[in-house]
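Containing compact mmCIF, C-alpha atoms and all ligand atoms: run.txt.
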# COMPACT_ATOMS: atom_id res chain seq x y z
CA MET A 295 129.89 94.85 120.42
CA GLU A 296 130.24 98.60 120.10
CA LEU A 297 129.32 100.22 116.77
CA LYS A 298 131.21 103.37 115.78
CA VAL A 299 129.51 105.58 113.19
CA GLU A 300 131.20 108.41 111.33
CA PRO A 301 129.45 111.22 109.46
CA LYS A 302 129.07 110.39 105.76
CA SER A 303 127.53 111.69 102.56
CA LYS A 304 127.15 110.27 99.05
CA LEU A 305 125.62 106.92 99.90
CA GLN A 306 125.29 105.33 96.50
CA GLY A 307 124.58 101.89 95.12
CA GLN A 308 122.13 99.09 94.58
CA VAL A 309 121.56 96.76 97.55
CA LYS A 310 119.32 94.01 98.86
CA VAL A 311 118.12 93.98 102.45
CA PRO A 312 117.66 90.63 104.25
CA GLY A 313 114.37 88.73 104.16
CA ASP A 314 111.23 89.83 105.91
CA LYS A 315 111.17 88.83 109.56
CA SER A 316 107.40 88.40 109.86
CA ILE A 317 107.17 86.28 106.72
CA SER A 318 110.22 84.18 107.68
CA HIS A 319 108.65 83.29 111.05
CA ARG A 320 105.37 82.34 109.44
CA ALA A 321 107.04 80.25 106.73
CA VAL A 322 108.64 78.06 109.42
CA MET A 323 105.45 77.83 111.45
CA LEU A 324 103.06 77.01 108.63
CA GLY A 325 105.66 74.86 106.87
CA SER A 326 105.90 72.81 110.07
CA LEU A 327 102.12 72.42 110.39
CA ALA A 328 101.66 71.56 106.72
CA GLU A 329 101.81 68.16 105.11
CA GLY A 330 104.78 67.64 102.78
CA GLN A 331 107.77 69.84 102.14
CA THR A 332 107.98 73.60 102.26
CA GLU A 333 110.86 75.23 100.46
CA VAL A 334 111.85 78.71 101.63
CA LYS A 335 114.07 81.09 99.69
CA GLY A 336 115.34 84.36 101.16
CA PHE A 337 114.80 83.25 104.79
CA LEU A 338 116.01 85.82 107.34
CA THR A 339 118.82 84.34 109.40
CA GLY A 340 118.37 86.97 112.13
CA GLU A 341 118.36 85.74 115.73
CA ASP A 342 114.56 86.01 116.10
CA CYS A 343 113.83 83.74 113.15
CA LEU A 344 116.51 81.30 114.29
CA SER A 345 114.62 81.12 117.62
CA THR A 346 111.56 80.00 115.66
CA VAL A 347 113.59 77.36 113.78
CA ARG A 348 115.07 75.98 117.02
CA ALA A 349 111.67 75.87 118.70
CA PHE A 350 110.10 73.87 115.87
CA GLU A 351 113.10 71.54 115.80
CA GLN A 352 112.47 70.95 119.51
CA LEU A 353 108.89 70.10 118.54
CA GLY A 354 110.17 67.38 116.24
CA VAL A 355 110.27 69.17 112.88
CA LYS A 356 113.16 68.42 110.54
CA ILE A 357 114.49 71.60 108.93
CA GLU A 358 117.38 71.41 106.46
CA GLY A 359 119.67 74.06 105.01
CA VAL A 360 118.71 76.82 107.42
CA GLY A 361 119.73 79.95 105.54
CA GLU A 362 118.84 82.28 102.71
CA GLU A 363 119.56 79.89 99.84
CA ARG A 364 117.14 77.01 100.03
CA MET A 365 115.71 75.88 103.29
CA ILE A 366 113.52 72.78 103.45
CA ILE A 367 110.94 72.22 106.16
CA HIS A 368 109.58 68.70 106.44
CA GLY A 369 106.05 69.43 107.59
CA CYS A 370 104.50 67.20 110.26
CA GLY A 371 100.87 68.03 109.59
CA LEU A 372 98.54 69.89 111.94
CA ASN A 373 98.74 67.19 114.63
CA GLY A 374 102.22 65.85 114.05
CA LEU A 375 104.34 67.96 116.43
CA THR A 376 105.80 66.14 119.42
CA GLU A 377 106.32 67.13 123.06
CA PRO A 378 109.56 69.07 123.60
CA ASP A 379 111.81 67.50 126.24
CA ASN A 380 113.00 70.88 127.46
CA VAL A 381 111.85 74.46 127.90
CA LEU A 382 111.41 76.39 124.62
CA ASP A 383 113.70 79.41 124.93
CA LEU A 384 112.53 81.96 122.38
CA GLY A 385 115.26 84.51 123.04
CA ASN A 386 114.16 88.05 122.21
CA SER A 387 111.36 87.12 119.84
CA GLY A 388 107.91 88.44 120.72
CA THR A 389 106.47 87.24 117.42
CA THR A 390 107.64 83.64 117.94
CA THR A 391 106.28 83.65 121.47
CA ARG A 392 102.86 85.13 120.91
CA LEU A 393 102.16 83.09 117.78
CA MET A 394 103.42 79.89 119.37
CA LEU A 395 101.37 80.33 122.55
CA GLY A 396 98.22 80.18 120.41
CA MET A 397 99.46 77.19 118.46
CA LEU A 398 100.77 75.28 121.50
CA ALA A 399 97.38 75.59 123.22
CA GLY A 400 95.99 73.26 120.55
CA GLN A 401 98.66 70.56 120.91
CA ASP A 402 98.24 67.27 122.61
CA PHE A 403 101.20 67.87 124.95
CA TYR A 404 102.75 69.98 127.66
CA SER A 405 105.23 72.76 126.94
CA VAL A 406 107.00 75.62 128.70
CA VAL A 407 107.99 78.84 126.96
CA THR A 408 110.52 81.41 128.14
CA GLY A 409 112.82 84.09 126.73
CA ASP A 410 115.48 86.69 127.48
CA ASP A 411 115.23 89.53 130.04
CA SER A 412 113.33 91.77 127.62
CA LEU A 413 110.86 89.10 126.52
CA ARG A 414 110.18 88.00 130.11
CA GLY A 415 108.99 91.55 130.82
CA ARG A 416 106.61 91.83 127.85
CA PRO A 417 102.82 91.36 128.17
CA MET A 418 101.48 87.98 127.06
CA ALA A 419 97.97 88.24 128.53
CA ARG A 420 96.97 89.87 125.26
CA VAL A 421 97.19 86.36 123.78
CA THR A 422 96.77 84.04 126.77
CA ASP A 423 93.45 85.73 127.74
CA PRO A 424 91.66 85.23 124.40
CA VAL A 425 93.17 81.79 123.82
CA SER A 426 92.03 80.79 127.35
CA GLN A 427 88.51 81.73 126.26
CA MET A 428 88.97 79.10 123.54
CA GLY A 429 89.82 76.53 126.24
CA GLY A 430 93.62 76.96 126.17
CA GLN A 431 95.30 76.40 129.54
CA PHE A 432 98.22 78.60 130.55
CA LYS A 433 100.03 79.06 133.84
CA GLY A 434 102.55 81.78 134.51
CA ARG A 435 103.45 84.81 136.59
CA ASP A 436 100.91 87.64 136.83
CA ASP A 437 98.06 85.37 135.68
CA ALA A 438 99.89 83.99 132.66
CA ASN A 439 100.92 87.46 131.54
CA LEU A 440 104.67 87.02 131.97
CA LEU A 441 107.05 84.31 130.78
CA PRO A 442 107.96 81.64 131.67
CA ILE A 443 104.52 80.31 130.73
CA THR A 444 103.42 76.70 130.86
CA VAL A 445 100.96 75.50 128.25
CA VAL A 446 98.85 72.50 129.21
CA GLY A 447 97.84 71.10 125.85
CA GLY A 448 95.42 68.33 125.05
CA GLN A 449 92.36 70.52 125.40
CA ASN A 450 89.63 70.60 122.83
CA LEU A 451 89.69 74.20 121.71
CA LYS A 452 86.44 76.00 120.96
CA SER A 453 86.09 78.59 118.24
CA LEU A 454 85.83 82.23 119.29
CA THR A 455 84.84 85.62 117.95
CA TYR A 456 87.32 88.02 119.48
CA GLN A 457 87.11 91.80 119.45
CA SER A 458 90.76 92.72 119.90
CA PRO A 459 91.41 95.90 121.88
CA VAL A 460 94.72 96.46 120.02
CA ALA A 461 95.67 96.46 116.36
CA SER A 462 98.31 93.76 116.74
CA ALA A 463 99.25 91.15 114.18
CA GLN A 464 100.76 89.03 116.93
CA VAL A 465 97.46 88.90 118.81
CA LYS A 466 95.43 88.28 115.65
CA SER A 467 97.83 85.57 114.47
CA SER A 468 97.96 83.80 117.82
CA ILE A 469 94.18 83.44 117.84
CA LEU A 470 94.07 82.37 114.19
CA LEU A 471 96.69 79.68 114.88
CA ALA A 472 94.71 78.48 117.90
CA GLY A 473 91.66 78.59 115.61
CA LEU A 474 93.29 75.97 113.38
CA TYR A 475 92.74 73.54 116.27
CA ALA A 476 89.15 74.58 117.07
CA LYS A 477 85.96 73.20 115.56
CA GLY A 478 84.12 75.78 113.48
CA VAL A 479 85.04 79.31 112.55
CA THR A 480 87.27 81.55 114.69
CA LYS A 481 87.05 85.29 114.06
CA VAL A 482 89.25 88.20 115.08
CA VAL A 483 87.99 91.76 114.75
CA GLU A 484 90.65 94.46 114.98
CA PRO A 485 90.26 98.16 115.83
CA ALA A 486 92.53 98.98 112.85
CA LYS A 487 94.23 96.84 110.25
CA SER A 488 97.50 95.22 111.34
CA ARG A 489 99.93 93.34 109.10
CA ASP A 490 98.15 90.50 107.34
CA HIS A 491 100.95 88.02 106.53
CA THR A 492 99.34 85.24 108.58
CA GLU A 493 96.06 85.36 106.74
CA ARG A 494 97.80 85.61 103.36
CA MET A 495 100.09 82.69 104.09
CA LEU A 496 97.36 80.53 105.67
CA GLU A 497 95.32 80.98 102.52
CA TYR A 498 98.37 80.23 100.37
CA PHE A 499 98.89 76.97 102.33
CA GLY A 500 95.26 75.98 101.74
CA ALA A 501 93.33 77.13 104.83
CA ASP A 502 89.84 78.54 104.51
CA ILE A 503 90.26 82.23 105.34
CA THR A 504 87.89 85.13 104.82
CA VAL A 505 88.68 88.77 105.32
CA ASP A 506 85.86 91.25 105.63
CA GLY A 507 87.11 94.73 106.50
CA LEU A 508 88.67 94.45 109.94
CA THR A 509 87.41 90.90 110.53
CA VAL A 510 89.47 87.83 109.69
CA SER A 511 87.93 84.35 109.95
CA VAL A 512 89.55 80.95 109.79
CA THR A 513 87.84 77.56 109.64
CA GLY A 514 89.35 75.04 112.05
CA LYS A 515 91.01 71.70 111.25
CA PRO A 516 92.20 72.49 107.73
CA LYS A 517 94.68 70.39 105.78
CA LEU A 518 97.66 72.62 105.10
CA LYS A 519 99.85 71.72 102.14
CA GLY A 520 103.60 72.40 101.97
CA LYS A 521 104.47 75.19 99.54
CA LYS A 522 107.32 77.15 98.02
CA VAL A 523 107.79 80.47 99.80
CA ILE A 524 109.94 83.30 98.47
CA VAL A 525 110.57 85.80 101.24
CA PRO A 526 110.73 89.42 100.07
CA GLY A 527 113.20 91.92 101.51
CA ASP A 528 112.04 93.34 104.85
CA ILE A 529 110.56 96.83 104.46
CA SER A 530 111.30 97.41 108.15
CA SER A 531 115.01 96.88 107.46
CA ALA A 532 114.83 98.80 104.18
CA ALA A 533 113.41 101.79 106.10
CA PHE A 534 116.78 102.41 107.80
CA ILE A 535 118.56 102.49 104.47
CA MET A 536 115.84 104.63 102.87
CA VAL A 537 116.12 107.25 105.60
CA ALA A 538 119.94 107.09 105.37
CA GLY A 539 119.66 107.94 101.66
CA LEU A 540 117.13 110.71 102.25
CA ILE A 541 118.97 112.60 104.99
CA THR A 542 122.57 112.38 103.74
CA ASP A 543 123.79 114.67 100.94
CA ASP A 544 124.32 113.50 97.34
CA SER A 545 122.87 110.06 97.93
CA ARG A 546 121.03 107.73 95.60
CA ILE A 547 120.21 104.20 96.69
CA VAL A 548 118.29 101.45 94.95
CA LEU A 549 116.84 98.82 97.29
CA GLU A 550 115.89 95.68 95.39
CA ASN A 551 113.08 93.29 96.21
CA VAL A 552 111.38 95.15 99.04
CA GLY A 553 108.12 93.70 100.37
CA LEU A 554 105.39 96.31 99.92
CA ASN A 555 102.38 94.61 101.44
CA PRO A 556 99.97 97.54 102.05
CA THR A 557 99.65 96.54 105.72
CA ARG A 558 103.42 97.10 106.09
CA ALA A 559 104.06 99.99 103.73
CA GLY A 560 102.98 102.83 106.02
CA VAL A 561 106.55 104.08 106.09
CA ILE A 562 106.33 104.80 102.34
CA THR A 563 103.10 106.77 102.91
CA ALA A 564 104.70 108.72 105.75
CA LEU A 565 107.90 109.50 103.84
CA GLU A 566 105.90 110.56 100.78
CA LYS A 567 103.92 112.92 103.04
CA MET A 568 107.31 114.28 104.13
CA ASP A 569 108.19 115.07 100.49
CA ALA A 570 110.79 112.31 100.24
CA ASN A 571 112.26 111.74 96.80
CA LEU A 572 111.25 108.11 96.62
CA GLU A 573 110.19 105.98 93.68
CA LEU A 574 108.84 102.43 93.41
CA ILE A 575 109.88 100.53 90.30
CA ASN A 576 109.48 96.95 89.00
CA GLU A 577 106.32 96.39 91.02
CA ARG A 578 105.42 92.67 91.05
CA GLU A 579 104.02 89.88 93.28
CA VAL A 580 105.52 86.74 94.87
CA ASN A 581 103.43 84.13 96.69
CA GLY A 582 100.63 86.58 97.35
CA GLU A 583 102.91 89.40 98.59
CA PRO A 584 103.49 92.59 96.54
CA ILE A 585 107.14 93.66 96.10
CA ALA A 586 109.08 96.37 94.22
CA ASP A 587 112.46 98.06 94.04
CA VAL A 588 112.68 101.35 95.91
CA VAL A 589 114.82 104.25 94.71
CA VAL A 590 115.62 107.01 97.22
CA LYS A 591 117.55 110.23 96.71
CA SER A 592 118.69 112.94 99.12
CA SER A 593 115.70 115.11 99.97
CA GLN A 594 114.69 118.16 101.97
CA LEU A 595 112.05 116.56 104.15
CA GLN A 596 108.96 118.38 105.42
CA ALA A 597 107.29 117.80 108.78
CA THR A 598 104.09 115.79 109.03
CA THR A 599 101.71 114.21 111.53
CA ILE A 600 101.75 110.42 111.80
CA GLU A 601 98.72 109.08 113.65
CA GLY A 602 95.62 106.90 113.78
CA ASP A 603 95.19 103.97 111.41
CA LEU A 604 98.58 104.65 109.82
CA ILE A 605 100.37 103.70 113.06
CA PRO A 606 99.95 99.89 112.86
CA LEU A 607 101.13 100.03 109.25
CA LEU A 608 104.51 101.48 110.29
CA ILE A 609 104.76 100.52 113.96
CA ASP A 610 108.34 99.19 113.71
CA GLU A 611 109.52 102.17 111.64
CA ILE A 612 108.71 104.88 114.19
CA PRO A 613 112.22 105.04 115.71
CA ILE A 614 113.77 105.68 112.28
CA LEU A 615 110.96 108.09 111.35
CA ALA A 616 111.88 110.04 114.49
CA VAL A 617 115.39 110.36 113.08
CA ALA A 618 113.95 111.53 109.72
CA ALA A 619 111.85 114.08 111.65
CA THR A 620 115.01 115.73 113.05
CA GLN A 621 115.82 116.77 109.45
CA ALA A 622 112.30 117.79 108.38
CA GLU A 623 111.23 121.42 108.22
CA GLY A 624 108.53 122.13 110.81
CA LYS A 625 106.90 120.16 113.60
CA THR A 626 106.55 116.42 113.14
CA ILE A 627 104.05 114.84 115.50
CA ILE A 628 103.91 111.09 116.07
CA LYS A 629 100.91 110.07 118.18
CA ASP A 630 98.57 107.11 118.91
CA ALA A 631 101.70 104.96 119.17
CA GLU A 632 101.55 103.86 122.84
CA GLU A 633 102.19 100.28 121.67
CA LEU A 634 105.83 101.35 121.26
CA ARG A 635 106.12 101.32 125.03
CA VAL A 636 105.79 97.51 125.10
CA LYS A 637 108.18 96.59 122.30
CA GLU A 638 111.67 95.08 122.85
CA THR A 639 112.19 98.17 124.98
CA ASP A 640 110.05 101.27 125.60
CA ARG A 641 110.94 102.73 122.21
CA ILE A 642 109.44 106.17 122.94
CA ALA A 643 111.51 106.63 126.09
CA ALA A 644 114.64 105.17 124.48
CA MET A 645 114.52 107.37 121.37
CA VAL A 646 113.71 110.52 123.35
CA LYS A 647 116.60 109.90 125.74
CA GLU A 648 119.19 109.04 123.11
CA LEU A 649 118.17 111.79 120.64
CA ARG A 650 118.48 114.31 123.49
CA LYS A 651 121.95 112.93 124.20
CA LEU A 652 122.79 113.70 120.57
CA GLY A 653 121.69 117.30 121.04
CA VAL A 654 118.19 117.05 119.56
CA GLU A 655 115.22 118.79 121.23
CA VAL A 656 112.34 116.32 121.48
CA THR A 657 109.02 116.52 123.29
CA GLU A 658 107.92 113.22 124.75
CA ARG A 659 104.20 112.38 124.60
CA LYS A 660 102.51 109.48 126.33
CA ASP A 661 101.68 108.07 122.91
CA GLY A 662 104.60 109.29 120.82
CA LEU A 663 106.84 112.32 120.37
CA GLU A 664 107.17 115.72 118.69
CA ILE A 665 110.22 117.13 116.99
CA VAL A 666 110.65 120.55 115.39
CA GLY A 667 113.24 120.40 112.64
CA PRO A 668 115.62 120.68 111.04
CA GLN A 669 118.05 120.27 113.92
CA GLU A 670 121.73 119.56 114.13
CA ILE A 671 122.78 116.20 115.50
CA LYS A 672 125.90 116.79 117.56
CA GLY A 673 127.18 113.29 118.18
CA GLY A 674 130.47 112.79 119.98
CA VAL A 675 128.81 110.61 122.64
CA ASN A 676 128.16 106.99 123.48
CA CYS A 677 124.54 105.99 122.89
CA LEU A 678 122.72 102.99 124.35
CA SER A 679 120.80 100.44 122.31
CA TYR A 680 118.70 99.19 125.25
CA HIS A 681 119.34 95.82 123.55
CA ASP A 682 116.74 96.87 120.97
CA HIS A 683 117.75 96.26 117.35
CA ARG A 684 115.59 99.03 115.91
CA VAL A 685 116.80 101.61 118.42
CA ALA A 686 120.43 100.66 117.69
CA MET A 687 119.99 100.97 113.91
CA SER A 688 118.04 104.25 114.14
CA LEU A 689 120.86 105.80 116.18
CA ALA A 690 123.44 104.47 113.72
CA ILE A 691 121.62 106.25 110.87
CA ALA A 692 121.47 109.46 112.94
CA GLY A 693 125.24 109.12 113.30
CA LEU A 694 125.67 109.47 109.52
CA ILE A 695 124.64 113.13 109.74
CA ALA A 696 126.14 113.94 113.15
CA GLU A 697 128.88 116.54 113.51
CA GLN A 698 131.08 114.16 115.48
CA PRO A 699 131.37 110.38 115.30
CA LEU A 700 129.23 108.52 117.79
CA LYS A 701 129.25 105.08 119.34
CA ILE A 702 126.39 102.74 120.03
CA GLU A 703 126.99 100.37 122.90
CA GLU A 704 125.70 96.80 122.84
CA ALA A 705 124.90 96.92 119.15
CA ASP A 706 125.02 93.12 118.65
CA CYS A 707 121.24 93.21 118.96
CA ILE A 708 121.18 94.44 115.34
CA ASN A 709 121.55 90.76 114.38
CA ILE A 710 118.04 90.16 115.70
CA SER A 711 116.59 91.44 112.42
CA PHE A 712 119.35 92.80 110.16
CA PRO A 713 122.50 90.69 109.96
CA GLY A 714 124.92 92.50 107.63
CA PHE A 715 123.60 95.99 108.47
CA LYS A 716 127.08 97.43 109.04
CA GLN A 717 128.52 95.82 105.90
CA LEU A 718 125.65 97.02 103.75
CA LEU A 719 126.16 100.62 104.92
CA THR A 720 129.91 100.29 104.38
CA ASP A 721 129.25 99.05 100.83
CA LEU A 722 127.09 102.10 100.14
C1 LIG B 1 104.90 91.48 114.15
C2 LIG B 1 103.92 92.31 114.61
C3 LIG B 1 104.19 93.61 115.25
C4 LIG B 1 105.62 94.06 115.05
C5 LIG B 1 106.61 92.95 115.23
C6 LIG B 1 106.33 91.82 114.26
C7 LIG B 1 104.52 90.21 113.49
O1 LIG B 1 103.95 93.49 116.63
O2 LIG B 1 105.92 95.13 115.92
O3 LIG B 1 107.93 93.42 115.01
O4 LIG B 1 105.35 89.61 112.77
O5 LIG B 1 103.36 89.80 113.67
P1 LIG B 1 102.47 93.72 117.26
O6 LIG B 1 101.60 92.68 116.71
O7 LIG B 1 102.64 93.58 118.74
O8 LIG B 1 102.08 95.10 116.85

Here is a file; write its structure as structure tokens.
Ligand code: S3P
Amino acid sequence: MELKVEPKSKLQGQVKVPGDKSISHRAVMLGSLAEGQTEVKGFLTGEDCLSTVRAFEQLGVKIEGVGEERMIIHGCGLNGLTEPDNVLDLGNSGTTTRLMLGMLAGQDFYSVVTGDDSLRGRPMARVTDPVSQMGGQFKGRDDANLLPITVVGGQNLKSLTYQSPVASAQVKSSILLAGLYAKGVTKVVEPAKSRDHTERMLEYFGADITVDGLTVSVTGKPKLKGKKVIVPGDISSAAFIMVAGLITDDSRIVLENVGLNPTRAGVITALEKMDANLELINEREVNGEPIADVVVKSSQLQATTIEGDLIPLLIDEIPILAVAATQAEGKTIIKDAEELRVKETDRIAAMVKELRKLGVEVTERKDGLEIVGPQEIKGGVNCLSYHDHRVAMSLAIAGLIAEQPLKIEEADCINISFPGFKQLLTDL
């Protein structure tokens, strides 16, 4: 599918973005490993989360009413999954894969995991190495770094204290899920705080979790209990709409129900530093996750530096922040973000290339980029998505302030995380 975007102003209205991707994945995973039923409301029906649902169905879990309304997961208990009779194809989903590799290592059966072209090129040793230290057995290309990866279950996992070299929630969560199957306490120490949905939800489901600064510990062999999970709106999806409201003229948008977990809300911090006219109202909490409504109005943004410990708190929002930077006065520097090079695509290279195509001057750094704004976005060209949902949506938002309409090729990937993106923008 090709997405055509025309310049627009006056984006106005009150909208809801789809459910949080990270929380939706974890609800299916922990709901499956729990005893009893888990009811999920607001589940994200994006392709990545559907990959998680299909994988757990292949592992013998009954899941009814897959959708936003009311989804029921009939938990099998920690040791109740069954051997899949085929390869688990996890599509484009890095989160499903990395979390499941940890969990599958603790099962009493054999499984094989693969994914699409992008996923088969992404590094998995960051989870297979530490989980191997726990006794997990993996086989795959490049020393179990690249999918397809075979997991030889049935091992008795040992607990581990792991000093992670990267601030990655996928790495942390994979080890914590393996830790559920190990005797004793498994600890992960991060170099900076990454999103903490796994630890919050494990605790909510009854696991024994302690968090001490950058160290998270889980006690093995817990009894997880099925729960009711309400999934908040995904701040990573909301970020596209927020920036759309900030950079277009005469706009005012209210985004309802946005998840504002402090380990995810770095984009709010960054936009506030950029002088964005942004307000949080109706702040409240659902199943251990803070949420609020976000009001954004057209703003003259100012440049800023985004770096260090803030990076993991907004890692998925950097492509759209780069678009915001094109409209900010002064030099915006985004650094310490080399992790972007191993996402669904190399997001630094992709954004630099496509923004240049749109007439924007950008300096590429090894660990980020620099943009001096404000700059005109010319448009009038065909952009590439690199099959990366966040690149595609960032370019679509840039198109709203371009001088000429632009097209984004292969934009179907938007359905990975934000089904209804085009309709929601049209409504506004
Ligand atoms: C995610 C963690 C992040 C993020 C991804 C979702 C998660 O990846 O980029 O979109 O749900 O745990 P890393 O852990 O690799 O930073």

Give me the box for ligand LIG 1 (chain B) as JSON, namely the centre and edge lengths in Å to one decimal of a box along x, y and z that holds every listed atom plus 6 Å on each side.
{"center_x": 104.8, "center_y": 92.4, "center_z": 115.8, "size_x": 18.3, "size_y": 17.5, "size_z": 18.0}

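With all atoms listed in the file as the basis for measurement, A:Ser316 is the residue among A:Thr563, A:Thr557, A:Gln431, A:Ser316 that approaches Ser467 of chain A most closely.
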
Report as a PDB file with C-alpha atoms, in the frame of the given file all protein, DNA and RNA residues lying within 10 Å of Arg641 of chain A, evaluated on all atoms listed in the file, omitting residues in the same chain fewer than 4 positions from it.
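Okay, this is what ended up in out_10.pdb:
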ATOM      1  CA  ASP A 610     108.340  99.190 113.710  1.00  0.00           C
ATOM      2  CA  ILE A 612     108.710 104.880 114.190  1.00  0.00           C
ATOM      3  CA  PRO A 613     112.220 105.040 115.710  1.00  0.00           C
ATOM      4  CA  ALA A 631     101.700 104.960 119.170  1.00  0.00           C
ATOM      5  CA  GLU A 632     101.550 103.860 122.840  1.00  0.00           C
ATOM      6  CA  GLU A 633     102.190 100.280 121.670  1.00  0.00           C
ATOM      7  CA  LEU A 634     105.830 101.350 121.260  1.00  0.00           C
ATOM      8  CA  ARG A 635     106.120 101.320 125.030  1.00  0.00           C
ATOM      9  CA  VAL A 636     105.790  97.510 125.100  1.00  0.00           C
ATOM     10  CA  LYS A 637     108.180  96.590 122.300  1.00  0.00           C
ATOM     11  CA  MET A 645     114.520 107.370 121.370  1.00  0.00           C
ATOM     12  CA  VAL A 646     113.710 110.520 123.350  1.00  0.00           C
ATOM     13  CA  LYS A 647     116.600 109.900 125.740  1.00  0.00           C
ATOM     14  CA  GLY A 662     104.600 109.290 120.820  1.00  0.00           C
ATOM     15  CA  TYR A 680     118.700  99.190 125.250  1.00  0.00           C
ATOM     16  CA  ASP A 682     116.740  96.870 120.970  1.00  0.00           C
ATOM     17  CA  ARG A 684     115.590  99.030 115.910  1.00  0.00           C
ATOM     18  CA  VAL A 685     116.800 101.610 118.420  1.00  0.00           C
TER      19      VAL A 685
END

- Message: For a quick check of understanding, using all atoms listed in the file, which of A:Ile600, A:Leu508, A:Ala476, A:Val588 has the smallest distance to Met397 of chain A?
- Response: A:Ala476

- Message: Would you compute the distance between atom CA of Thr639 of chain A and atom CA of Ile710 of chain A? Give it in Å to one decimal.
- Response: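 Distance reported for this atom pair: 13.6 Å.
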
- Message: Measuring between only C-alpha atoms, which one of A:Glu358, A:Asp630, A:Glu601, A:Asp706 shows the shortest distance to His681 of chain A?
- Response: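 When distances to His681 of chain A are compared using only C-alpha atoms, the smallest one comes from A:Asp706.
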
Non-local contacts of Glu638 of chain A (8 Å; all atoms listed in the file; under 4 positions in same chain excluded) as a PDB file with C-alpha atoms, keeping the file's coordinate frame:
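Okay, this is what ended up in selection32.pdb:
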ATOM      1  CA  ASN A 386     114.160  88.050 122.210  1.00  0.00           C
ATOM      2  CA  GLY A 388     107.910  88.440 120.720  1.00  0.00           C
ATOM      3  CA  SER A 412     113.330  91.770 127.620  1.00  0.00           C
ATOM      4  CA  LEU A 413     110.860  89.100 126.520  1.00  0.00           C
ATOM      5  CA  ARG A 416     106.610  91.830 127.850  1.00  0.00           C
ATOM      6  CA  HIS A 681     119.340  95.820 123.550  1.00  0.00           C
ATOM      7  CA  ASP A 682     116.740  96.870 120.970  1.00  0.00           C
TER       8      ASP A 682
END

- Task: Figure out the distance between atom CA of Thr391 of chain A and atom CA of Ile691 of chain A, please, to one decimal in Å.
- Result: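 Interatomic distance, atom CA of Ile691 of chain A to atom CA of Thr391 of chain A: 29.3 Å.
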
- Name the closest residue to Gly527 of chain A among the candidates A:Gly560, A:Pro584, A:Gly415, A:Gly396; distances are taken between atoms, counting all atoms listed in the file.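 Closest candidate: A:Pro584.
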
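Distance annotation: of A:Asn571, A:Ser530, A:Ser711, A:Gln669, the residue with the minimal separation from Glu697 of chain A is A:Gln669; atom set is only C-alpha atoms.
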
- Query: In Å to one decimal, how far is atom CA of Lys335 of chain A from atom CA of Ala349 of chain A?
  - Reply: 19.9 Å

- Please return, as a ChimeraX atom specification, all polymer residues that have at least one atom within 12 Å of the point (110.2, 84.3, 109.1); use all atoms listed in the file and the file's own coordinate frame. /A:312-325,334-347,360-362,365,387,389-390,393,491-492,495,523-528,710-711

- Item | Minimum-distance residue to Ser303 of chain A, chosen among A:Leu471, A:Ile529, A:Ile695, A:Val381 (using all atoms listed in the file) |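 Among A:Leu471, A:Ile529, A:Ile695, A:Val381, it is A:Ile695 that comes nearest to Ser303 of chain A.
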
For segment 451-460 of chain A, please output as a JSON list (two decimals) with C-alpha atoms, in the frame of the given file all residues within 8 Å (counting all atoms listed in the file; exclusion window: fewer than 6 positions along the same chain).
[["chain", "number", "residue", "atom", "x", "y", "z"],
["A", 399, "ALA", "CA", 97.38, 75.59, 123.22],
["A", 400, "GLY", "CA", 95.99, 73.26, 120.55],
["A", 424, "PRO", "CA", 91.66, 85.23, 124.40],
["A", 427, "GLN", "CA", 88.51, 81.73, 126.26],
["A", 428, "MET", "CA", 88.97, 79.10, 123.54],
["A", 429, "GLY", "CA", 89.82, 76.53, 126.24],
["A", 430, "GLY", "CA", 93.62, 76.96, 126.17],
["A", 466, "LYS", "CA", 95.43, 88.28, 115.65],
["A", 472, "ALA", "CA", 94.71, 78.48, 117.90],
["A", 473, "GLY", "CA", 91.66, 78.59, 115.61],
["A", 475, "TYR", "CA", 92.74, 73.54, 116.27],
["A", 476, "ALA", "CA", 89.15, 74.58, 117.07],
["A", 477, "LYS", "CA", 85.96, 73.20, 115.56],
["A", 478, "GLY", "CA", 84.12, 75.78, 113.48],
["A", 479, "VAL", "CA", 85.04, 79.31, 112.55],
["A", 480, "THR", "CA", 87.27, 81.55, 114.69],
["A", 481, "LYS", "CA", 87.05, 85.29, 114.06],
["A", 482, "VAL", "CA", 89.25, 88.20, 115.08],
["A", 483, "VAL", "CA", 87.99, 91.76, 114.75],
["A", 484, "GLU", "CA", 90.65, 94.46, 114.98],
["A", 485, "PRO", "CA", 90.26, 98.16, 115.83],
["A", 486, "ALA", "CA", 92.53, 98.98, 112.85],
["A", 514, "GLY", "CA", 89.35, 75.04, 112.05]]

Can you pull out the residues contacting Ala696 of chain A? Cut-off 6 Å, using only C-alpha atoms, and skip same-chain residues under 3 positions away; I want them as a JSON list (two decimals) with C-alpha atoms, in the frame of the given file.
[["chain", "number", "residue", "atom", "x", "y", "z"],
["A", 301, "PRO", "CA", 129.45, 111.22, 109.46],
["A", 671, "ILE", "CA", 122.78, 116.20, 115.50],
["A", 672, "LYS", "CA", 125.90, 116.79, 117.56],
["A", 673, "GLY", "CA", 127.18, 113.29, 118.18],
["A", 693, "GLY", "CA", 125.24, 109.12, 113.30]]

- Item | Distance query 9 Å from (113.9, 103.8, 110.6) using all atoms listed in the file, result as a list in words |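 Selection result: Ser530, Ser531, Ala532, Ala533, Phe534, Ile535, Met536, Val537, Ala538, Val561, Asp610, Glu611, Ile612, Pro613, Ile614, Leu615, Ala616, Val617, Ala618, Arg684, Val685, Met687, Ser688 and Ile691 of chain A.
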